[in-house]
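Colleague: One file: entry-v3.pdb (PDB, C-alpha atoms).
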ATOM      1  CA  MET A 265      -1.570  21.169  19.325
ATOM      2  CA  GLU A 266      -5.077  22.411  18.663
ATOM      3  CA  PHE A 267      -5.296  21.188  15.070
ATOM      4  CA  PRO A 268      -5.307  17.660  13.586
ATOM      5  CA  TRP A 269      -1.815  16.445  12.816
ATOM      6  CA  LEU A 270      -0.690  13.553  10.637
ATOM      7  CA  VAL A 271       2.993  12.769  10.158
ATOM      8  CA  GLY A 272       4.170   9.802   8.126
ATOM      9  CA  GLY A 273       7.120   8.403   6.243
ATOM     10  CA  ASP A 274      10.618   7.059   6.799
ATOM     11  CA  PHE A 275      11.877   8.287  10.175
ATOM     12  CA  ASN A 276      15.119   6.288   9.857
ATOM     13  CA  VAL A 277      14.902   5.236  13.509
ATOM     14  CA  ILE A 278      13.277   2.373  15.389
ATOM     15  CA  VAL A 279      11.324   2.699  18.617
ATOM     16  CA  SER A 280      12.685  -0.511  20.195
ATOM     17  CA  GLU A 281      14.688  -3.641  19.478
ATOM     18  CA  GLU A 282      11.388  -5.513  19.015
ATOM     19  CA  VAL A 283      10.914  -3.885  15.591
ATOM     20  CA  LYS A 284      14.376  -4.840  14.311
ATOM     21  CA  TYR A 285      15.826  -8.161  13.184
ATOM     22  CA  GLY A 286      19.551  -8.584  12.590
ATOM     23  CA  GLY A 287      22.348  -6.035  12.583
ATOM     24  CA  MET A 288      23.862  -4.107  15.476
ATOM     25  CA  LEU A 289      21.967  -2.911  18.522
ATOM     26  CA  ALA A 290      20.070   0.349  18.098
ATOM     27  CA  TYR A 291      21.550   3.579  19.436
ATOM     28  CA  ILE A 292      19.602   4.182  22.627
ATOM     29  CA  HIS A 293      19.955   7.966  22.341
ATOM     30  CA  GLU A 294      18.254   7.978  18.930
ATOM     31  CA  VAL A 295      15.401   5.858  20.256
ATOM     32  CA  GLU A 296      14.966   8.099  23.310
ATOM     33  CA  ASP A 297      15.121  11.307  21.231
ATOM     34  CA  PHE A 298      12.451  10.017  18.862
ATOM     35  CA  ALA A 299      10.174   8.986  21.727
ATOM     36  CA  HIS A 300      10.721  12.351  23.445
ATOM     37  CA  CYS A 301       9.795  14.246  20.266
ATOM     38  CA  ASN A 302       6.574  12.233  19.887
ATOM     39  CA  ASN A 303       5.646  12.856  23.515
ATOM     40  CA  ILE A 304       6.180  16.603  23.217
ATOM     41  CA  CYS A 305       4.035  16.751  20.059
ATOM     42  CA  ASN A 306       1.395  14.384  21.529
ATOM     43  CA  LEU A 307       1.742  12.073  18.530
ATOM     44  CA  PHE A 308       0.724   8.411  18.597
ATOM     45  CA  ASP A 309       1.651   5.525  16.344
ATOM     46  CA  LEU A 310      -1.427   4.720  14.228
ATOM     47  CA  GLY A 311      -0.564   1.021  14.047
ATOM     48  CA  TYR A 312      -0.423  -1.080  10.896
ATOM     49  CA  LYS A 313      -1.542  -4.173   9.001
ATOM     50  CA  GLY A 314       0.833  -6.451   7.146
ATOM     51  CA  SER A 315       4.475  -7.276   7.680
ATOM     52  CA  LEU A 316       6.160  -5.956  10.837
ATOM     53  CA  TYR A 317       9.214  -4.639   9.002
ATOM     54  CA  THR A 318       9.126  -1.834   6.431
ATOM     55  CA  TRP A 319      12.814  -1.817   5.444
ATOM     56  CA  TRP A 320      15.248  -4.507   4.319
ATOM     57  CA  ASN A 321      18.944  -4.077   3.520
ATOM     58  CA  GLY A 322      18.603  -6.321   0.462
ATOM     59  CA  ARG A 323      20.691  -9.179   1.827
ATOM     60  CA  SER A 324      20.040 -12.674   3.097
ATOM     61  CA  GLY A 325      21.853 -15.165   5.253
ATOM     62  CA  ASP A 326      23.878 -13.714   8.127
ATOM     63  CA  ASP A 327      24.012 -10.208   6.603
ATOM     64  CA  PHE A 328      20.286  -9.470   6.519
ATOM     65  CA  ILE A 329      18.698  -6.614   8.495
ATOM     66  CA  PHE A 330      14.985  -5.877   8.843
ATOM     67  CA  LYS A 331      13.598  -2.776  10.554
ATOM     68  CA  ARG A 332      10.342  -0.911  10.966
ATOM     69  CA  LEU A 333      11.493   2.562   9.956
ATOM     70  CA  ASP A 334       8.303   3.799   8.262
ATOM     71  CA  ARG A 335       5.173   4.674  10.198
ATOM     72  CA  CYS A 336       2.237   7.059  10.451
ATOM     73  CA  LEU A 337       1.762   9.208  13.538
ATOM     74  CA  GLY A 338      -1.237  11.324  14.505
ATOM     75  CA  ASN A 339      -2.607  13.291  17.429
ATOM     76  CA  LEU A 340      -5.945  12.896  19.184
ATOM     77  CA  LYS A 341      -7.589  15.577  17.030
ATOM     78  CA  PHE A 342      -6.720  13.598  13.923
ATOM     79  CA  LEU A 343      -7.980  10.355  15.449
ATOM     80  CA  GLU A 344     -11.261  12.045  16.322
ATOM     81  CA  LEU A 345     -11.718  13.011  12.669
ATOM     82  CA  PHE A 346     -10.872   9.537  11.345
ATOM     83  CA  PRO A 347     -11.571   6.959  14.073
ATOM     84  CA  ALA A 348     -11.692   4.056  11.598
ATOM     85  CA  LEU A 349      -8.437   4.759   9.763
ATOM     86  CA  GLU A 350      -6.045   1.942   8.852
ATOM     87  CA  VAL A 351      -2.373   1.871   7.893
ATOM     88  CA  GLU A 352      -1.200  -1.028   5.737
ATOM     89  CA  HIS A 353       2.385  -1.999   4.914
ATOM     90  CA  LEU A 354       2.238  -2.853   1.217
ATOM     91  CA  ILE A 355       4.626  -5.234  -0.537
ATOM     92  CA  LYS A 356       8.123  -3.879  -1.182
ATOM     93  CA  TYR A 357       8.353  -5.233  -4.767
ATOM     94  CA  GLY A 358      11.592  -3.786  -6.097
ATOM     95  CA  LEU A 359      12.027  -1.352  -3.205
ATOM     96  CA  ASP A 360      13.937  -1.494   0.042
ATOM     97  CA  HIS A 361      11.055   0.253   1.846
ATOM     98  CA  ALA A 362       7.436  -0.867   2.004
ATOM     99  CA  PRO A 363       4.965   1.802   0.828
ATOM    100  CA  LEU A 364       2.400   2.826   3.438
ATOM    101  CA  LEU A 365      -1.287   2.920   2.501
ATOM    102  CA  LEU A 366      -3.383   5.102   4.806
ATOM    103  CA  THR A 367      -7.145   4.511   4.505
ATOM    104  CA  CYS A 368      -9.378   6.967   6.359
ATOM    105  CA  ASN A 369     -12.662   5.106   5.563
ATOM    106  CA  VAL A 370     -14.640   8.323   5.190
ATOM    107  CA  ASN A 371     -18.332   7.672   4.617
ATOM    108  CA  ASN A 372     -19.150   9.399   1.320
ATOM    109  CA  LEU A 373     -22.399   7.575   0.581
ATOM    110  CA  ARG A 374     -24.418  10.765   1.187
ATOM    111  CA  VAL A 375     -22.551  12.627  -1.572
ATOM    112  CA  ILE A 376     -22.995   9.734  -4.021
ATOM    113  CA  LYS A 377     -26.699   9.440  -3.201
ATOM    114  CA  GLU A 378     -27.313  13.153  -3.742
ATOM    115  CA  HIS A 379     -25.452  13.015  -7.049
ATOM    116  CA  TYR A 380     -27.441  10.122  -8.483
ATOM    117  CA  GLN A 381     -30.784  11.429  -7.231
ATOM    118  CA  SER A 382     -30.381  14.703  -9.145
ATOM    119  CA  ASP A 383     -33.001  15.354 -11.828
ATOM    120  CA  VAL A 384     -31.709  14.231 -15.229
ATOM    121  CA  GLU A 385     -35.025  14.145 -17.108
ATOM    122  CA  GLY A 386     -34.639  15.645 -20.543
ATOM    123  CA  ASN A 387     -30.838  15.679 -20.268
ATOM    124  CA  LEU A 388     -29.324  15.804 -23.768
ATOM    125  CA  PHE A 389     -26.479  13.524 -22.704
ATOM    126  CA  VAL A 390     -28.692  10.570 -21.655
ATOM    127  CA  VAL A 391     -28.358   8.875 -25.042
ATOM    128  CA  PHE A 392     -24.618   9.447 -25.031
ATOM    129  CA  HIS A 393     -24.396   7.939 -21.535
ATOM    130  CA  HIS A 394     -26.153   4.735 -22.662
ATOM    131  CA  LYS A 395     -23.896   4.412 -25.678
ATOM    132  CA  LEU A 396     -20.833   4.917 -23.495
ATOM    133  CA  SER A 397     -22.059   2.180 -21.139
ATOM    134  CA  ASN A 398     -22.444  -0.228 -24.061
ATOM    135  CA  VAL A 399     -18.942   0.585 -25.279
ATOM    136  CA  LYS A 400     -17.571   0.007 -21.783
ATOM    137  CA  LYS A 401     -19.226  -3.433 -21.585
ATOM    138  CA  ALA A 402     -17.812  -4.332 -24.985
ATOM    139  CA  LEU A 403     -14.321  -3.277 -23.954
ATOM    140  CA  VAL A 404     -14.534  -5.339 -20.772
ATOM    141  CA  GLY A 405     -15.489  -8.408 -22.771
ATOM    142  CA  TRP A 406     -12.752  -7.757 -25.319
ATOM    143  CA  SER A 407     -10.177  -7.301 -22.566
ATOM    144  CA  LYS A 408     -11.066 -10.620 -20.912
ATOM    145  CA  GLU A 409     -10.935 -12.474 -24.223
ATOM    146  CA  THR A 410      -7.626 -10.903 -25.276
ATOM    147  CA  PHE A 411      -5.694 -10.714 -22.032
ATOM    148  CA  GLY A 412      -7.639 -12.909 -19.612
ATOM    149  CA  ASP A 413      -8.465 -11.643 -16.141
ATOM    150  CA  ILE A 414      -4.951 -10.329 -15.552
ATOM    151  CA  PHE A 415      -6.019  -7.759 -12.981
ATOM    152  CA  LYS A 416      -7.294 -10.461 -10.634
ATOM    153  CA  GLN A 417      -4.013 -12.275 -11.163
ATOM    154  CA  ILE A 418      -2.127  -9.134 -10.136
ATOM    155  CA  VAL A 419      -4.098  -8.863  -6.896
ATOM    156  CA  THR A 420      -3.536 -12.565  -6.202
ATOM    157  CA  LEU A 421       0.205 -12.290  -6.831
ATOM    158  CA  GLU A 422       0.453  -9.274  -4.527
ATOM    159  CA  ASP A 423      -1.131 -11.377  -1.766
ATOM    160  CA  VAL A 424       1.289 -14.226  -2.490
ATOM    161  CA  ILE A 425       4.222 -11.804  -2.303
ATOM    162  CA  LYS A 426       3.026 -10.666   1.127
ATOM    163  CA  VAL A 427       3.202 -14.275   2.339
ATOM    164  CA  HIS A 428       6.675 -14.816   0.863
ATOM    165  CA  GLU A 429       7.941 -11.552   2.341
ATOM    166  CA  ILE A 430       6.847 -12.662   5.801
ATOM    167  CA  GLU A 431       8.394 -16.100   5.297
ATOM    168  CA  PHE A 432      11.662 -14.495   4.232
ATOM    169  CA  GLU A 433      11.631 -12.144   7.219
ATOM    170  CA  LEU A 434      11.088 -15.069   9.583
ATOM    171  CA  ASN A 435      13.722 -17.212   7.873
ATOM    172  CA  PRO A 436      15.981 -15.098   5.587
ATOM    173  CA  THR A 437      17.635 -17.933   3.680
ATOM    174  CA  PRO A 438      18.760 -17.753   0.033
ATOM    175  CA  GLN A 439      16.049 -20.317  -0.782
ATOM    176  CA  ASN A 440      13.256 -18.144   0.631
ATOM    177  CA  ARG A 441      14.728 -15.134  -1.117
ATOM    178  CA  ALA A 442      14.693 -17.026  -4.420
ATOM    179  CA  LYS A 443      11.026 -17.940  -3.907
ATOM    180  CA  LEU A 444      10.210 -14.280  -3.254
ATOM    181  CA  HIS A 445      12.068 -13.157  -6.387
ATOM    182  CA  LYS A 446      10.247 -15.733  -8.515
ATOM    183  CA  VAL A 447       6.810 -14.449  -7.465
ATOM    184  CA  GLU A 448       7.978 -10.855  -7.976
ATOM    185  CA  ALA A 449       9.049 -11.797 -11.511
ATOM    186  CA  ASP A 450       5.581 -13.243 -12.151
ATOM    187  CA  LEU A 451       4.022 -10.008 -10.930
ATOM    188  CA  THR A 452       6.289  -7.981 -13.223
ATOM    189  CA  ARG A 453       5.131 -10.057 -16.191
ATOM    190  CA  TYR A 454       1.452  -9.515 -15.385
ATOM    191  CA  LEU A 455       2.006  -5.797 -14.840
ATOM    192  CA  HIS A 456       3.479  -5.597 -18.343
ATOM    193  CA  LEU A 457       0.387  -7.389 -19.661
ATOM    194  CA  ALA A 458      -1.840  -4.910 -17.833
ATOM    195  CA  GLU A 459       0.115  -2.027 -19.321
ATOM    196  CA  GLU A 460      -0.336  -3.497 -22.800
ATOM    197  CA  SER A 461      -4.052  -3.907 -22.101
ATOM    198  CA  TRP A 462      -4.434  -0.238 -21.213
ATOM    199  CA  ARG A 463      -2.380   0.747 -24.256
ATOM    200  CA  GLN A 464      -4.702  -1.245 -26.507
ATOM    201  CA  LYS A 465      -7.774   0.308 -24.912
ATOM    202  CA  ALA A 466      -6.340   3.802 -25.341
ATOM    203  CA  GLY A 467      -5.730   3.084 -29.007
ATOM    204  CA  MET A 468      -9.402   2.193 -29.541
ATOM    205  CA  GLN A 469     -10.681   5.534 -28.246
TER     206      GLN A 469
END
Just give me the structure as structure tokens.
Modeller:
Amino acid sequence: MEFPWLVGGDFNVIVSEEVKYGGMLAYIHEVEDFAHCNNICNLFDLGYKGSLYTWWNGRSGDDFIFKRLDRCLGNLKFLELFPALEVEHLIKYGLDHAPLLLTCNVNNLRVIKEHYQSDVEGNLFVVFHHKLSNVKKALVGWSKETFGDIFKQIVTLEDVIKVHEIEFELNPTPQNRAKLHKVEADLTRYLHLAEESWRQKAGMQ
């Protein structure tokens, strides 16, 4: 292929037994067909950060199954365009599949610099801009006083869920599953608080 290619999502097939935990052995023909297709298209696995497995059958104990079914693939042309790209397996949180976050890390500082160095002298909207900045600062202070720093709590809970997901994958006991569900419930509560915060802010506009 002469053009950059990126293919990602749920391929519903594993590439080897090393990316599966529990369940029956993989069908070798499916694994070979998938590898053959990638070779013909010159596609490479872009790797990942986070948990190894992207899918869980929702069970624990002896009935659990974990697999890496979701991935991002690209060719050399794509890798040349985005050499610093990263793929992260996000927390599942209410899903059986982990969402994939692809970050290309494109350097856009030049565009930002050109934008802010443009001549704004005599601009009629300068006063409005300063007033808007003051309103924004006031809203930030009001939000912290009313709701606390819930957005930092959300980020922290997402990190905690990552740890509990890995613990559950390594040892899928009902106890570890209960711990995971408890942290997910905490995250749900904070997400509702964040939603209420945005609703309040929207009502003040």
Colleague: Report, in Å with one decimal, the straight-line distance from CA of Phe275 in chain A to CA of Thr452 in chain A.
Modeller: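 A separation of 29.0 Å between them.
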Colleague: Report as a list of chain:residue names all protein, DNA and RNA residues lying within 7 Å of range 317-330 of chain A, evaluated on all atoms listed in the file, omitting residues in the same chain fewer than 6 positions from it.
Modeller: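 Returned residues: A:Val283, A:Lys284, A:Tyr285, A:Gly286, A:Gly287, A:His353, A:Asp360, A:His361, A:Ala362, A:Pro436, A:Thr437, A:Pro438.
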Colleague: Could you expand the PyMOL selection byres ((chain A and resi 442) around 12) into the explicit residues it covers here, written as a PyMOL selection string?
Modeller: chain A and resi 323-324+425+428-429+431-432+436-441+443-449
Colleague: Env of Pro363 in chain A: 9 Å cut, atoms = all atoms listed in the file, seq-sep filter 5 positions within chain, self excluded. Answer as JSON, numbers by chain.
Modeller: {"A": [273, 318, 334, 352, 353, 354, 355, 356]}
Colleague: How about saving the chosen residues, C-alpha atoms kept, as an mmCIF file, in the frame of the given file?
Modeller:
data_model
loop_
_atom_site.group_PDB
_atom_site.id
_atom_site.type_symbol
_atom_site.label_atom_id
_atom_site.label_comp_id
_atom_site.auth_asym_id
_atom_site.auth_seq_id
_atom_site.Cartn_x
_atom_site.Cartn_y
_atom_site.Cartn_z
ATOM 1 C CA GLY A 273 7.120 8.403 6.243
ATOM 2 C CA THR A 318 9.126 -1.834 6.431
ATOM 3 C CA ASP A 334 8.303 3.799 8.262
ATOM 4 C CA GLU A 352 -1.200 -1.028 5.737
ATOM 5 C CA HIS A 353 2.385 -1.999 4.914
ATOM 6 C CA LEU A 354 2.238 -2.853 1.217
ATOM 7 C CA ILE A 355 4.626 -5.234 -0.537
ATOM 8 C CA LYS A 356 8.123 -3.879 -1.182
#
Colleague: Restricting the calculation to all atoms listed in the file, which member of A:Ala466, A:Leu457, A:Leu366, A:Ala299 is positioned closest to Phe346 in chain A?
Modeller: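 Answer, going by the shortest atom-to-atom distance: A:Leu366.
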Colleague: Name the residues that the PyMOL selection byres ((chain A and resi 416-421) around 9) picks from the file above, as a JSON list (two decimals) with C-alpha atoms, in the frame of the given file, using the file's chain letters and numbers.
Modeller:
[["chain", "number", "residue", "atom", "x", "y", "z"],
["A", 413, "ASP", "CA", -8.46, -11.64, -16.14],
["A", 414, "ILE", "CA", -4.95, -10.33, -15.55],
["A", 415, "PHE", "CA", -6.02, -7.76, -12.98],
["A", 422, "GLU", "CA", 0.45, -9.27, -4.53],
["A", 423, "ASP", "CA", -1.13, -11.38, -1.77],
["A", 424, "VAL", "CA", 1.29, -14.23, -2.49],
["A", 425, "ILE", "CA", 4.22, -11.80, -2.30],
["A", 426, "LYS", "CA", 3.03, -10.67, 1.13],
["A", 447, "VAL", "CA", 6.81, -14.45, -7.46],
["A", 448, "GLU", "CA", 7.98, -10.86, -7.98],
["A", 450, "ASP", "CA", 5.58, -13.24, -12.15],
["A", 451, "LEU", "CA", 4.02, -10.01, -10.93],
["A", 454, "TYR", "CA", 1.45, -9.52, -15.38],
["A", 455, "LEU", "CA", 2.01, -5.80, -14.84],
["A", 458, "ALA", "CA", -1.84, -4.91, -17.83]]
Colleague: CA of Asp297 in chain A and CA of Leu340 in chain A are how many Å apart?
Modeller: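 Between these atoms lies a distance of 21.2 Å.
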